[in-house]
Amino acid sequence: MTIFSSPAFEGHESLHAFHDARAGLSCLIAIHSTALGPASGGVRMWPYPNDQAAIDDALRLSRAMSYKNAMAGIAFGGGKTVVIGDSRTAKTPALFEALGRAVESLGGRYWGAEDVGVSPADLADARRATRYMAGLEGHPAASGDPSPVTAEGVRRGIALCARRRLGKPLSELTVAIQGVGHVGGLLADRLAADGARLVVCDLNPDIAAAVAARTGAKVVSTDAIFDAEADVFAPCALGGAISAATLPRLKAKVVAGGANNQLESAEIGRAVFEAGLLYAPDFVINGGGIINVAAEIGALQRGEPYDPAWVEAKVAAMIDTLETVLDRSQAERRPADEIAVRMAKERIAAAR
């Protein structure tokens, strides 16, 4: 089992493993940085094929959260929880209460929130055992499911990228969305309301069919989505969608979506740039959800209600930051993801 020598471990402060056999919990909590404040990042539940895959995912996602939080301009570092298990069959209140105890044991160094395979109801179960869980419902500071804010930020980011690269408004776009679950489904709804034409796929065909029924989207297979005739390719599933195998198949001139770690590697980021595609770095464009969570955490700490105006201002600033990244990429003739990583590291280093 590789931890410290893994490229994904770069810069991490700690990696915690928790196991509760009675509750059925096996999870990892990665804390990449607390320079800007307590680490914050979602709780993901996934049936990883082995422990190493779970470790690597936790580390990559945790580091991405440090960059995302820094670029979103919020006072949090980066962390991530991965729960090993099938969210369709293995969820129980006891499991999430055990997760809450694990989070509580870190003494506030990490705040959890919703991510793939986890709902606000699951987090409510965890909340019974820890103070450090956000993205909840039913109290004055509650922000609820962060997915709608993530989707809105991605929608605005797509609009910006399409204007810059294609000179088109949303109403004239065809967008291929890979994965139409929480964020991808909401993104599809919003883009359809803007008049965009959609091509969608999902591992769950029923979900894809439901999105198509309400948006008029064309449904294709999870493999055929890379060949779709589209202006924008929006990865909204798991990471690594843009790879050496898939990049040559893309017809789109813009890559902008809600998934984390969309590029298989930094080398792929350069290949995307050299191919003339405009790429919106994922940890910049998809920061709306963590901004929403940050609003709840701040409200809880101050004993105040959730402030939607603060969230709107931060999301607007996030899109301004994306434009700055794209401006610098164009001026320096360097890939946008390299520019964004450099900016995030500079912000984190300044906080130290």
# chains A, B, ... in the order shown; residues from 1 in each chain; ligands from 1
$ closest_atom_pairs --of "segment 131-182 of chain A" --to "segment 329-345 of chain A" --cutoff "12 Å" --atoms "only C-alpha atoms" --output "CSV"
residue,atom,partner,partner_atom,distance
A:Cys161,CA,A:Ala336,CA,11.9
A:Arg164,CA,A:Gln330,CA,10.9
A:Arg165,CA,A:Gln330,CA,11.3
$ select_by_dssp --residues "segment 42-222 of chain A" --states "helix (DSSP H, G or I)" --output "count of residues only"
88
$ closest_atom_pairs --of "segment 7-43 of chain A" --to "segment 282-290 of chain A" --cutoff "10 Å" --atoms "only C-alpha atoms" --output "tab-separated table"
residue	atom	partner	partner_atom	distance
A:Ser40	CA	A:Ile290	CA	8.0
A:Gly41	CA	A:Ile290	CA	7.3
A:Gly42	CA	A:Ile290	CA	8.4
$ write_last_selection --atoms "N, CA and C atoms" --output "mmCIF file, in the first residue's frame"
data_model
loop_
_atom_site.group_PDB
_atom_site.id
_atom_site.type_symbol
_atom_site.label_atom_id
_atom_site.label_comp_id
_atom_site.auth_asym_id
_atom_site.auth_seq_id
_atom_site.Cartn_x
_atom_site.Cartn_y
_atom_site.Cartn_z
ATOM 1 N N SER A 40 -12.098 21.561 4.570
ATOM 2 C CA SER A 40 -13.501 21.310 4.267
ATOM 3 C C SER A 40 -13.601 20.622 2.919
ATOM 4 N N GLY A 41 -14.455 19.631 2.843
ATOM 5 C CA GLY A 41 -14.662 18.904 1.594
ATOM 6 C C GLY A 41 -15.701 17.825 1.786
ATOM 7 N N GLY A 42 -16.233 17.342 0.701
ATOM 8 C CA GLY A 42 -17.364 16.434 0.745
ATOM 9 C C GLY A 42 -17.040 15.038 1.244
#
$ residues_around --residues "Gly157 of chain A" --least-positions-apart "4" --cutoff "8 Å" --atoms "only C-alpha atoms" --output "list of chain:residue names"
A:Gly153, A:Cys161, A:Ala256, A:Ala280, A:Ile285, A:Ile319, A:Leu322
$ write_last_selection --atoms "N, CA and C atoms" --output "short mmCIF file (atom, residue, chain, number, x, y, z; two decimals), in the first residue's frame"
data_model
loop_
_atom_site.label_atom_id
_atom_site.label_comp_id
_atom_site.auth_asym_id
_atom_site.auth_seq_id
_atom_site.Cartn_x
_atom_site.Cartn_y
_atom_site.Cartn_z
N GLY A 153 -23.04 27.72 -10.70
CA GLY A 153 -21.70 28.20 -11.00
C GLY A 153 -21.16 27.63 -12.30
N CYS A 161 -17.18 30.78 -20.96
CA CYS A 161 -16.27 30.10 -21.88
C CYS A 161 -16.81 30.10 -23.30
N ALA A 256 -15.98 22.20 -19.90
CA ALA A 256 -16.36 22.92 -18.68
C ALA A 256 -17.47 22.14 -17.99
N ALA A 280 -12.04 25.05 -18.67
CA ALA A 280 -12.30 25.74 -17.42
C ALA A 280 -11.84 24.84 -16.28
N ILE A 285 -14.36 26.32 -11.59
CA ILE A 285 -15.74 26.45 -12.06
C ILE A 285 -16.75 25.75 -11.16
N ILE A 319 -16.64 33.44 -10.75
CA ILE A 319 -16.64 33.54 -12.21
C ILE A 319 -15.64 34.61 -12.66
N LEU A 322 -12.39 32.89 -12.62
CA LEU A 322 -12.25 32.05 -13.80
C LEU A 322 -11.82 32.88 -15.01
#
$ residues_around --residues "segment 206-221 of chain A" --least-positions-apart "3" --cutoff "8 Å" --atoms "only C-alpha atoms" --output "PyMOL selection string"
chain A and resi 180-181+185+188-189+192+197-202+224-225
$ residues_around --residues "segment 49-55 of chain A" --least-positions-apart "4" --cutoff "9 Å" --atoms "only C-alpha atoms" --output "ChimeraX atom specification"
/A:1-3,15,27-28,30,59-60,82-84
$ closest_atom_pairs --of "segment 172-275 of chain A" --to "segment 62-68 of chain A" --cutoff "12 Å" --atoms "only C-alpha atoms" --output "tab-separated table"
residue	atom	partner	partner_atom	distance
A:Gly239	CA	A:Ala64	CA	11.3
A:Ala259	CA	A:Ala64	CA	11.1
A:Asn260	CA	A:Ala64	CA	7.5
A:Asn261	CA	A:Ala64	CA	7.3
A:Gln262	CA	A:Ala64	CA	10.8
A:Leu263	CA	A:Ala64	CA	11.8
$ write_last_selection --atoms "N, CA and C atoms" --output "PDB file, in the first residue's frame"
ATOM      1  N   GLY A 239     -13.867  11.427 -11.865  1.00  0.00           N
ATOM      2  CA  GLY A 239     -12.701  12.086 -12.435  1.00  0.00           C
ATOM      3  C   GLY A 239     -12.080  11.338 -13.603  1.00  0.00           C
ATOM      4  N   ALA A 259     -17.515  17.959 -12.587  1.00  0.00           N
ATOM      5  CA  ALA A 259     -16.751  16.879 -11.965  1.00  0.00           C
ATOM      6  C   ALA A 259     -15.445  17.396 -11.382  1.00  0.00           C
ATOM      7  N   ASN A 260     -14.931  16.685 -10.402  1.00  0.00           N
ATOM      8  CA  ASN A 260     -13.605  16.961  -9.853  1.00  0.00           C
ATOM      9  C   ASN A 260     -12.555  16.173 -10.624  1.00  0.00           C
ATOM     10  N   ASN A 261     -11.340  16.728 -10.725  1.00  0.00           N
ATOM     11  CA  ASN A 261     -10.206  16.022 -11.337  1.00  0.00           C
ATOM     12  C   ASN A 261     -10.542  15.506 -12.733  1.00  0.00           C
ATOM     13  N   GLN A 262     -11.025  16.403 -13.591  1.00  0.00           N
ATOM     14  CA  GLN A 262     -11.477  16.010 -14.927  1.00  0.00           C
ATOM     15  C   GLN A 262     -10.337  15.549 -15.825  1.00  0.00           C
ATOM     16  N   LEU A 263      -9.153  16.108 -15.635  1.00  0.00           N
ATOM     17  CA  LEU A 263      -7.998  15.754 -16.456  1.00  0.00           C
ATOM     18  C   LEU A 263      -7.296  14.535 -15.864  1.00  0.00           C
TER      19      LEU A 263
END
$ select_by_dssp --residues "segment 153-225 of chain A" --states "strand (DSSP E)" --output "list in words"
Thr174, Val175, Ala176, Ile177, Gln178, Arg197, Leu198, Val199, Val200, Cys201, Lys218 and Val219 of chain A
$ write_last_selection --atoms "N, CA and C atoms" --output "PDB file, in the first residue's frame"
ATOM      1  N   THR A 174     -24.871  23.569 -28.143  1.00  0.00           N
ATOM      2  CA  THR A 174     -25.159  22.162 -27.866  1.00  0.00           C
ATOM      3  C   THR A 174     -24.146  21.707 -26.825  1.00  0.00           C
ATOM      4  N   VAL A 175     -24.639  21.190 -25.718  1.00  0.00           N
ATOM      5  CA  VAL A 175     -23.783  20.795 -24.597  1.00  0.00           C
ATOM      6  C   VAL A 175     -23.933  19.305 -24.344  1.00  0.00           C
ATOM      7  N   ALA A 176     -22.811  18.598 -24.312  1.00  0.00           N
ATOM      8  CA  ALA A 176     -22.793  17.169 -23.977  1.00  0.00           C
ATOM      9  C   ALA A 176     -22.445  17.029 -22.504  1.00  0.00           C
ATOM     10  N   ILE A 177     -23.367  16.500 -21.722  1.00  0.00           N
ATOM     11  CA  ILE A 177     -23.171  16.369 -20.281  1.00  0.00           C
ATOM     12  C   ILE A 177     -22.920  14.908 -19.938  1.00  0.00           C
ATOM     13  N   GLN A 178     -21.746  14.646 -19.400  1.00  0.00           N
ATOM     14  CA  GLN A 178     -21.390  13.290 -18.968  1.00  0.00           C
ATOM     15  C   GLN A 178     -21.754  13.140 -17.500  1.00  0.00           C
ATOM     16  N   ARG A 197     -29.308  23.076 -26.469  1.00  0.00           N
ATOM     17  CA  ARG A 197     -29.608  21.699 -26.853  1.00  0.00           C
ATOM     18  C   ARG A 197     -28.657  20.777 -26.087  1.00  0.00           C
ATOM     19  N   LEU A 198     -29.151  19.628 -25.675  1.00  0.00           N
ATOM     20  CA  LEU A 198     -28.381  18.768 -24.778  1.00  0.00           C
ATOM     21  C   LEU A 198     -28.219  17.359 -25.332  1.00  0.00           C
ATOM     22  N   VAL A 199     -27.041  16.795 -25.073  1.00  0.00           N
ATOM     23  CA  VAL A 199     -26.773  15.373 -25.262  1.00  0.00           C
ATOM     24  C   VAL A 199     -26.293  14.872 -23.904  1.00  0.00           C
ATOM     25  N   VAL A 200     -26.894  13.805 -23.395  1.00  0.00           N
ATOM     26  CA  VAL A 200     -26.575  13.373 -22.037  1.00  0.00           C
ATOM     27  C   VAL A 200     -26.325  11.876 -21.969  1.00  0.00           C
ATOM     28  N   CYS A 201     -25.611  11.483 -20.930  1.00  0.00           N
ATOM     29  CA  CYS A 201     -25.451  10.067 -20.611  1.00  0.00           C
ATOM     30  C   CYS A 201     -25.363   9.918 -19.104  1.00  0.00           C
ATOM     31  N   LYS A 218     -30.986  14.491 -25.952  1.00  0.00           N
ATOM     32  CA  LYS A 218     -30.711  13.219 -26.621  1.00  0.00           C
ATOM     33  C   LYS A 218     -29.868  12.361 -25.683  1.00  0.00           C
ATOM     34  N   VAL A 219     -30.243  11.116 -25.483  1.00  0.00           N
ATOM     35  CA  VAL A 219     -29.504  10.204 -24.617  1.00  0.00           C
ATOM     36  C   VAL A 219     -28.592   9.327 -25.464  1.00  0.00           C
TER      37      VAL A 219
END
$ residues_around --residues "Arg88 of chain A" --least-positions-apart "2" --cutoff "10 Å" --atoms "only C-alpha atoms" --output "list in words"
Met45, Trp46, Pro47, Gly85, Asp86, Ala90, Lys91, Gly117 and Val118 of chain A
$ residues_around --residues "Ala134 of chain A" --least-positions-apart "2" --cutoff "7 Å" --atoms "only C-alpha atoms" --output "list in words"
Gly112, Ala113, Tyr132, Leu136, Val293, Glu296 and Ile297 of chain A
$ write_last_selection --atoms "C-alpha atoms" --output "mmCIF file, in the first residue's frame"
data_model
loop_
_atom_site.group_PDB
_atom_site.id
_atom_site.type_symbol
_atom_site.label_atom_id
_atom_site.label_comp_id
_atom_site.auth_asym_id
_atom_site.auth_seq_id
_atom_site.Cartn_x
_atom_site.Cartn_y
_atom_site.Cartn_z
ATOM 1 C CA GLY A 112 -17.698 17.322 5.958
ATOM 2 C CA ALA A 113 -20.421 17.950 3.392
ATOM 3 C CA TYR A 132 -18.489 19.367 12.051
ATOM 4 C CA LEU A 136 -27.840 20.216 6.094
ATOM 5 C CA VAL A 293 -21.302 25.021 2.598
ATOM 6 C CA GLU A 296 -23.536 27.481 6.539
ATOM 7 C CA ILE A 297 -20.385 26.832 8.568
#
$ closest_residue --among "A:Leu166, A:Ile158, A:Val325, A:Val43" --to "Ser119 of chain A" --atoms "only C-alpha atoms"
A:Val43
$ atom_distance --atom1 "atom CA of Val254 of chain A" --atom2 "atom CA of Glu114 of chain A"
27.5 Å
